[in-house]
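Asker: Starting off with a structure, shown below.
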Amino acid sequence: MASKYLLKGGIIATCVQGSDGARVYKADVLVEGSTITRIEENIQAEDDVELVDCENKWITPGFVDTHRHLFMTVLRANHCDYLLSEYFVKMSWFLRRTVQGDLTPEEVAIGTLAGCLDALHNGVTTVLDHFHAALTPAHADAALRAVLESGARVIWAPARQSAPTQLFPHIEYGHEPAAGEWQRAKLQELGALDGGKLRPDGRVTLGLAYDALWQGPLEMHQEYLAFARALPVAVITAHVVQNTQILQWRDGGLLGSDVVFSHCNILADRPALDDEMWAALKDSGAAIGATPVDELGMAHGNPVALDALKRGVKCGLGVDATSINSGDMFSQMRAALQWARGRDHEHIRLNKLAAPFHNKYSSADAFNLATLGGAEALSLAHLIGSVEVGKRADLLVFDAESVNLAGAADPVAGVVFHAASEDVELVFVDGEIVKRGGRLVRDWVPVAKELRQRAKEIRERWPEEKLEETWKKWYETNGAPQF
């Protein structure tokens, strides 16, 4: 397998730290091992370099996903019409009485592997995996093995949580002490391997998902997060939807540049320039992982990705789960951008303000969120997120003569508004080709075969009618849970 590649004659489109907008220019790109070593015109190929013809092609950074639950690909398309409240009752709550608590390690493994390959096929080279199905050590081991063999760049963040053991008349977590013990031991074991590097090349690193602040004294959380950071974990991630958890993290001294909060839709209703939640994020360097497609559809609240970008708060995009929506970043870029534009136009109309000369938000803003913005959110901008000499070769090559893209002069607008997974011809992760000629290098057929079978078995155990009964009982007894 070649370890040197010369991408010849392409158009590079990339954001660069410290610059507004995106840079677009024609140049060759030399990849040696895992690294981009030269970017200039008319590089001459040496004998040991594989030449990749990039005439009429666009070269961009790989997309960076700042919030995804990879294992949920085993439930692909199951939750497309769910509300967030409905999802929690049907999917996540009650050990062995709803879907998540009943998944086997094998089902978690194939979902995780398929989720990684789905990401790579769509040009997503880096994923922050919020893994909230660590029901047992076997589940955790199965998911990690799948991540390691996939070839994707992943921050694998197992969750510090246990499944509920009782749903009615109120939720109880009967396995919490035991779960806390083994999860801490597992985190310690993995952190000791090589400073949190779970692959020797550093392509997979250890993170922590921590949606636990609602229970127990603050001192317990301060101790646990200090323990995790000392290992170290690369990223600590938590869900924030419509609660004030950001202020709890601030007041407890828990915020830092290693924290990524998914969603943060509560901030959409806090427009003041001096708002304390926004300030807490910016001052601490904490980031947002926005997933606008499902945020809009599941009643999380309104997306805040473009607000964050304009306020100087670190933010990237994410898919959340392929059980809800597709695994591509094209949909997320379009949803984030067009939602922000639509809201801005509505504000102008309702307040009878002067019509704008241009849109407030551009295609380059959305492109930034999906690439460099995501890398900044994950504290990886020194390694990935842009096409620059010295960075890791996480690269995409788009066929600019495809049915979707032919005739487009601006690759940034083309990628954001017109591209699809079929236009991603070549994908590099860490200098390794994982998709070539529009097809995954890894054989997808056996993965798809097992995925279909495992998904079928889950649906047979958990028909929608059965789940609907549980949701109806909860809703009539307690109303919709709030997040």
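Ligands are numbered from 1 in the order shown, chains are lettered A, B, ... in the order of the structure tokens, and residues start at 1 in each chain.
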Kindly provide the residues of range 395-477 of chain A that approach range 56-69 of chain A to within 8 Å, each paired with its closest atom pair and their distance in Å to one decimal, based on only C-alpha atoms, listed by chain and increasing number, as a Markdown table.
Answerer:
| residue | atom | partner | partner_atom | distance |
| --- | --- | --- | --- | --- |
| A:Leu395 | CA | A:Pro61 | CA | 4.7 |
| A:Leu396 | CA | A:Thr60 | CA | 5.2 |
| A:Val397 | CA | A:Ile59 | CA | 4.7 |
| A:Phe398 | CA | A:Trp58 | CA | 5.0 |
| A:Asp399 | CA | A:Lys57 | CA | 4.9 |
| A:Ala400 | CA | A:Lys57 | CA | 4.9 |
| A:Glu401 | CA | A:Asn56 | CA | 6.5 |
| A:Pro411 | CA | A:Trp58 | CA | 6.7 |
| A:Val427 | CA | A:Gly62 | CA | 7.6 |
| A:Phe428 | CA | A:Gly62 | CA | 7.8 |
| A:Val429 | CA | A:Gly62 | CA | 8.0 |
Asker: Please provide the set of residues having any atom within 12 Å of Leu231 in chain A, restricted to only C-alpha atoms, with same-chain residues fewer than 2 positions apart removed, written as a PyMOL selection string.
Answerer: chain A and resi 184-197+205-208+224-229+233-235
Asker: Any chance you can output those residues with C-alpha atoms as a compact mmCIF listing (two decimals), in the first residue's frame?
Answerer:
# COMPACT_ATOMS: atom_id res chain seq x y z
CA ARG A 184 -14.41 4.06 36.43
CA ALA A 185 -12.12 1.01 36.31
CA LYS A 186 -12.55 0.75 32.52
CA LEU A 187 -11.75 4.43 32.06
CA GLN A 188 -8.65 4.02 34.21
CA GLU A 189 -7.57 0.96 32.22
CA LEU A 190 -7.95 2.69 28.85
CA GLY A 191 -6.38 5.93 30.00
CA ALA A 192 -3.29 4.07 31.14
CA LEU A 193 -2.60 2.57 27.71
CA ASP A 194 -0.78 5.55 26.16
CA GLY A 195 -2.13 8.77 27.57
CA GLY A 196 -5.57 8.01 26.19
CA LYS A 197 -4.38 6.91 22.73
CA THR A 205 -8.51 8.60 21.52
CA LEU A 206 -10.36 8.35 24.81
CA GLY A 207 -13.11 10.76 25.81
CA LEU A 208 -15.86 10.82 28.41
CA TYR A 224 -14.76 12.36 38.93
CA LEU A 225 -14.00 14.91 36.23
CA ALA A 226 -10.63 15.70 37.84
CA PHE A 227 -9.88 11.96 37.78
CA ALA A 228 -10.86 11.74 34.09
CA ARG A 229 -8.81 14.77 33.09
CA VAL A 233 -9.47 12.06 28.39
CA ALA A 234 -9.35 14.16 25.22
CA VAL A 235 -12.89 15.53 25.43
Asker: Hey, what's within 9 Å of Ala340 in chain A if we count only C-alpha atoms and toss same-chain stuff fewer than 3 positions away? As a PyMOL selection string, please?
Answerer: chain A and resi 303-307+335-337+343-345+360-361
Asker: Nearest to Glu422 in chain A: which of A:Leu120, A:Leu51, A:Cys80, A:Ala480 is it, counting only C-alpha atoms?
Answerer: A:Leu120
Asker: Could you tell me how far CA of Leu198 in chain A sits from CA of Glu50 in chain A, in Å to one decimal place?
Answerer: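 Separating CA of Glu50 in chain A from CA of Leu198 in chain A is a distance of 29.3 Å.
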Asker: For CA of Ala152 in chain A and CA of Thr125 in chain A, quote the distance in Å rounded to one decimal.
Answerer: 5.8 Å
Asker: Run DSSP on the backbone and grab whatever in range 46-272 of chain A lands in helix (DSSP H, G or I); send it over as a PyMOL selection string.
Answerer: chain A and resi 70-75+84-92+99-102+105-121+137-150+176-194+218-230+245-251+265-269
Asker: Could you list, as number ranges by chain, every residue within 12 Å of range 43-45 of chain A, counting only C-alpha atoms and ignoring same-chain residues fewer than 5 positions away?
Answerer: A: 4-9, 27-32, 37-38, 50-53
Asker: Counting only C-alpha atoms, give me one row per residue of range 103-220 of chain A with an atom at most 10 Å from an atom of range 75-78 of chain A, showing the shortest contact pair and its distance in Å to one decimal, sorted by chain then residue number, as a tab-separated table.
Answerer:
residue	atom	partner	partner_atom	distance
A:Glu107	CA	A:Leu75	CA	9.6
A:Val108	CA	A:Leu75	CA	10.0
A:Gly111	CA	A:Leu75	CA	7.7
A:Gly115	CA	A:Arg76	CA	9.4
Asker: Could you dump the residues just selected with N, CA, C and O atoms as a PDB file, in the first residue's frame?
Answerer:
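Output file again22.pdb is given in full below:
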ATOM      1  N   GLU A 107     -24.890  -6.562  18.838  1.00  0.00           N
ATOM      2  CA  GLU A 107     -25.714  -5.553  18.158  1.00  0.00           C
ATOM      3  C   GLU A 107     -25.074  -4.169  18.265  1.00  0.00           C
ATOM      4  O   GLU A 107     -25.067  -3.402  17.298  1.00  0.00           O
ATOM      5  N   VAL A 108     -24.512  -3.880  19.422  1.00  0.00           N
ATOM      6  CA  VAL A 108     -23.802  -2.614  19.603  1.00  0.00           C
ATOM      7  C   VAL A 108     -22.584  -2.555  18.678  1.00  0.00           C
ATOM      8  O   VAL A 108     -22.296  -1.519  18.060  1.00  0.00           O
ATOM      9  N   GLY A 111     -23.603  -2.049  14.956  1.00  0.00           N
ATOM     10  CA  GLY A 111     -24.099  -0.686  14.798  1.00  0.00           C
ATOM     11  C   GLY A 111     -22.967   0.318  14.781  1.00  0.00           C
ATOM     12  O   GLY A 111     -22.966   1.269  13.987  1.00  0.00           O
ATOM     13  N   GLY A 115     -21.865   2.432  11.636  1.00  0.00           N
ATOM     14  CA  GLY A 115     -21.919   3.875  11.819  1.00  0.00           C
ATOM     15  C   GLY A 115     -20.637   4.555  11.399  1.00  0.00           C
ATOM     16  O   GLY A 115     -20.652   5.623  10.776  1.00  0.00           O
TER      17      GLY A 115
END
Asker: Can you check which residues of range 186-383 of chain A DSSP gives as strand (DSSP E or B) on the backbone and send them as a PyMOL selection string?
Answerer: chain A and resi 197+204-206+208-209+236-240+259-263+287-290+315-317+320
Asker: Compare A:Gln338, A:Ser326, A:Gln100, A:Ser362 by their minimum atom-to-atom distance to Leu135 in chain A, counting only C-alpha atoms, and give me the closest one.
Answerer: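 That would be A:Gln100, the residue with the smallest distance to Leu135 in chain A.
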Asker: How far is it from CA of His347 in chain A to CA of His300 in chain A, in Å with one decimal?
Answerer: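 Value for the CA of His347 in chain A-CA of His300 in chain A distance: 20.8 Å.
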Asker: Between A:Ala287, A:Cys116, A:Leu247, A:Ile236, which residue has the minimum interatomic distance to His130 in chain A, considering only C-alpha atoms?
Answerer: A:Ile236
Asker: Counting only C-alpha atoms, what is within 6 Å of range 382-386 of chain A, bar same-chain residues fewer than 5 positions away, as a short mmCIF file (atom, residue, chain, number, x, y, z; two decimals) with N, CA, C and O atoms, in the first residue's frame?
Answerer:
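Contents of around-v3.cif, as written:
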data_model
loop_
_atom_site.label_atom_id
_atom_site.label_comp_id
_atom_site.auth_asym_id
_atom_site.auth_seq_id
_atom_site.Cartn_x
_atom_site.Cartn_y
_atom_site.Cartn_z
N THR A 14 -10.63 25.44 1.54
CA THR A 14 -10.38 25.22 2.96
C THR A 14 -10.54 26.50 3.74
O THR A 14 -10.31 27.60 3.23
N CYS A 15 -10.97 26.38 4.98
CA CYS A 15 -10.91 27.49 5.93
C CYS A 15 -9.55 27.42 6.63
O CYS A 15 -8.94 26.36 6.72
N PRO A 61 -10.93 19.61 3.34
CA PRO A 61 -10.71 18.83 4.56
C PRO A 61 -11.82 17.80 4.75
O PRO A 61 -12.95 17.99 4.26
N THR A 371 -16.03 21.75 9.12
CA THR A 371 -14.63 21.37 8.95
C THR A 371 -13.78 21.95 10.08
O THR A 371 -13.66 21.35 11.15
N LEU A 372 -13.24 23.14 9.88
CA LEU A 372 -12.35 23.74 10.86
C LEU A 372 -13.06 24.04 12.18
O LEU A 372 -12.49 23.84 13.26
N ALA A 375 -13.15 20.94 14.17
CA ALA A 375 -11.82 20.63 14.69
C ALA A 375 -11.50 21.50 15.89
O ALA A 375 -10.93 21.04 16.89
N LYS A 391 -0.39 19.39 8.66
CA LYS A 391 -1.56 18.77 9.28
C LYS A 391 -1.73 17.33 8.79
O LYS A 391 -1.17 16.92 7.76
N ARG A 392 -2.53 16.57 9.54
CA ARG A 392 -2.81 15.19 9.16
C ARG A 392 -3.61 15.19 7.86
O ARG A 392 -4.45 16.07 7.61
#
Asker: Excluding Ala377 in chain A and residues on its chain fewer than 5 positions from it, collect all residues at most 10 Å away from it, counting only C-alpha atoms, and give them as a VMD selection string.
Answerer: chain A and resid 64 to 66 235 257 to 261 285 to 289 313 to 317 369 372
Asker: Pick from A:Ile36, A:Val74, A:Ala366, A:Ala308: nearest to Gln453 in chain A, with only C-alpha atoms counted?
Answerer: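 Counting only C-alpha atoms, the residue closest to Gln453 in chain A is A:Val74.
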Asker: Quick one: residues within 12 Å of Pro463 in chain A, only C-alpha atoms, excluding same-chain residues fewer than 6 positions away - as a list in words?
Answerer: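 The residues satisfying every condition are Asn78, Lys90, Met91, Thr98, Val99, Ala455, Lys456, Glu457, Glu469 and Thr470 of chain A.
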Asker: Would you export the selected residues with all heavy atoms as a PDB file, in the first residue's frame, please?
Answerer:
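Contents of selection-v3.pdb, freshly written:
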ATOM      1  N   ASN A  78     -35.306   4.113  12.594  1.00  0.00           N
ATOM      2  CA  ASN A  78     -36.366   3.761  13.543  1.00  0.00           C
ATOM      3  C   ASN A  78     -37.021   4.969  14.190  1.00  0.00           C
ATOM      4  O   ASN A  78     -38.170   4.899  14.624  1.00  0.00           O
ATOM      5  CB  ASN A  78     -35.804   2.878  14.670  1.00  0.00           C
ATOM      6  CG  ASN A  78     -35.739   1.417  14.293  1.00  0.00           C
ATOM      7  OD1 ASN A  78     -35.717   1.084  13.109  1.00  0.00           O
ATOM      8  ND2 ASN A  78     -35.687   0.550  15.284  1.00  0.00           N
ATOM      9  N   LYS A  90     -39.154   5.452  24.953  1.00  0.00           N
ATOM     10  CA  LYS A  90     -39.187   4.235  24.138  1.00  0.00           C
ATOM     11  C   LYS A  90     -37.813   3.587  23.984  1.00  0.00           C
ATOM     12  O   LYS A  90     -37.694   2.361  23.939  1.00  0.00           O
ATOM     13  CB  LYS A  90     -39.725   4.547  22.746  1.00  0.00           C
ATOM     14  CG  LYS A  90     -41.207   4.856  22.686  1.00  0.00           C
ATOM     15  CD  LYS A  90     -41.623   5.100  21.241  1.00  0.00           C
ATOM     16  CE  LYS A  90     -43.121   5.280  21.102  1.00  0.00           C
ATOM     17  NZ  LYS A  90     -43.529   5.504  19.707  1.00  0.00           N
ATOM     18  N   MET A  91     -36.785   4.406  23.897  1.00  0.00           N
ATOM     19  CA  MET A  91     -35.476   3.896  23.511  1.00  0.00           C
ATOM     20  C   MET A  91     -34.520   3.736  24.689  1.00  0.00           C
ATOM     21  O   MET A  91     -33.880   2.702  24.866  1.00  0.00           O
ATOM     22  CB  MET A  91     -34.869   4.857  22.474  1.00  0.00           C
ATOM     23  CG  MET A  91     -33.406   4.619  22.160  1.00  0.00           C
ATOM     24  SD  MET A  91     -33.097   3.086  21.294  1.00  0.00           S
ATOM     25  CE  MET A  91     -31.309   3.041  21.348  1.00  0.00           C
ATOM     26  N   THR A  98     -36.952  -1.401  27.612  1.00  0.00           N
ATOM     27  CA  THR A  98     -36.981  -0.672  26.349  1.00  0.00           C
ATOM     28  C   THR A  98     -35.735  -1.051  25.565  1.00  0.00           C
ATOM     29  O   THR A  98     -34.891  -1.807  26.031  1.00  0.00           O
ATOM     30  CB  THR A  98     -37.062   0.854  26.555  1.00  0.00           C
ATOM     31  OG1 THR A  98     -36.025   1.249  27.445  1.00  0.00           O
ATOM     32  CG2 THR A  98     -38.409   1.280  27.089  1.00  0.00           C
ATOM     33  N   VAL A  99     -35.602  -0.502  24.369  1.00  0.00           N
ATOM     34  CA  VAL A  99     -34.683  -1.055  23.382  1.00  0.00           C
ATOM     35  C   VAL A  99     -33.225  -1.011  23.832  1.00  0.00           C
ATOM     36  O   VAL A  99     -32.517  -2.018  23.800  1.00  0.00           O
ATOM     37  CB  VAL A  99     -34.850  -0.317  22.041  1.00  0.00           C
ATOM     38  CG1 VAL A  99     -33.894  -0.891  21.000  1.00  0.00           C
ATOM     39  CG2 VAL A  99     -36.288  -0.411  21.556  1.00  0.00           C
ATOM     40  N   ALA A 455     -30.653  -5.811  13.015  1.00  0.00           N
ATOM     41  CA  ALA A 455     -31.753  -4.839  13.081  1.00  0.00           C
ATOM     42  C   ALA A 455     -33.105  -5.542  13.051  1.00  0.00           C
ATOM     43  O   ALA A 455     -34.031  -5.161  13.786  1.00  0.00           O
ATOM     44  CB  ALA A 455     -31.639  -3.847  11.923  1.00  0.00           C
ATOM     45  N   LYS A 456     -33.203  -6.578  12.232  1.00  0.00           N
ATOM     46  CA  LYS A 456     -34.444  -7.353  12.152  1.00  0.00           C
ATOM     47  C   LYS A 456     -34.766  -8.000  13.496  1.00  0.00           C
ATOM     48  O   LYS A 456     -35.915  -7.971  13.965  1.00  0.00           O
ATOM     49  CB  LYS A 456     -34.313  -8.417  11.062  1.00  0.00           C
ATOM     50  CG  LYS A 456     -35.522  -9.338  10.892  1.00  0.00           C
ATOM     51  CD  LYS A 456     -35.307 -10.257   9.692  1.00  0.00           C
ATOM     52  CE  LYS A 456     -36.463 -11.222   9.516  1.00  0.00           C
ATOM     53  NZ  LYS A 456     -36.472 -12.266  10.566  1.00  0.00           N
ATOM     54  N   GLU A 457     -33.750  -8.554  14.150  1.00  0.00           N
ATOM     55  CA  GLU A 457     -33.967  -9.211  15.440  1.00  0.00           C
ATOM     56  C   GLU A 457     -34.406  -8.214  16.516  1.00  0.00           C
ATOM     57  O   GLU A 457     -35.269  -8.519  17.349  1.00  0.00           O
ATOM     58  CB  GLU A 457     -32.678  -9.925  15.859  1.00  0.00           C
ATOM     59  CG  GLU A 457     -32.357 -11.123  14.972  1.00  0.00           C
ATOM     60  CD  GLU A 457     -30.945 -11.654  15.197  1.00  0.00           C
ATOM     61  OE1 GLU A 457     -30.216 -11.071  16.038  1.00  0.00           O
ATOM     62  OE2 GLU A 457     -30.560 -12.630  14.519  1.00  0.00           O
ATOM     63  N   GLU A 469     -47.128   1.501  23.565  1.00  0.00           N
ATOM     64  CA  GLU A 469     -47.886   1.280  24.810  1.00  0.00           C
ATOM     65  C   GLU A 469     -47.154   1.893  26.010  1.00  0.00           C
ATOM     66  O   GLU A 469     -47.773   2.533  26.868  1.00  0.00           O
ATOM     67  CB  GLU A 469     -48.087  -0.231  25.035  1.00  0.00           C
ATOM     68  CG  GLU A 469     -49.077  -0.881  24.102  1.00  0.00           C
ATOM     69  CD  GLU A 469     -49.156  -2.387  24.325  1.00  0.00           C
ATOM     70  OE1 GLU A 469     -48.577  -2.864  25.342  1.00  0.00           O
ATOM     71  OE2 GLU A 469     -49.767  -3.080  23.501  1.00  0.00           O
ATOM     72  N   THR A 470     -45.825   1.683  26.063  1.00  0.00           N
ATOM     73  CA  THR A 470     -45.043   2.232  27.164  1.00  0.00           C
ATOM     74  C   THR A 470     -45.071   3.763  27.128  1.00  0.00           C
ATOM     75  O   THR A 470     -45.242   4.422  28.160  1.00  0.00           O
ATOM     76  CB  THR A 470     -43.591   1.735  27.093  1.00  0.00           C
ATOM     77  OG1 THR A 470     -43.584   0.312  27.152  1.00  0.00           O
ATOM     78  CG2 THR A 470     -42.756   2.281  28.234  1.00  0.00           C
TER      79      THR A 470
END
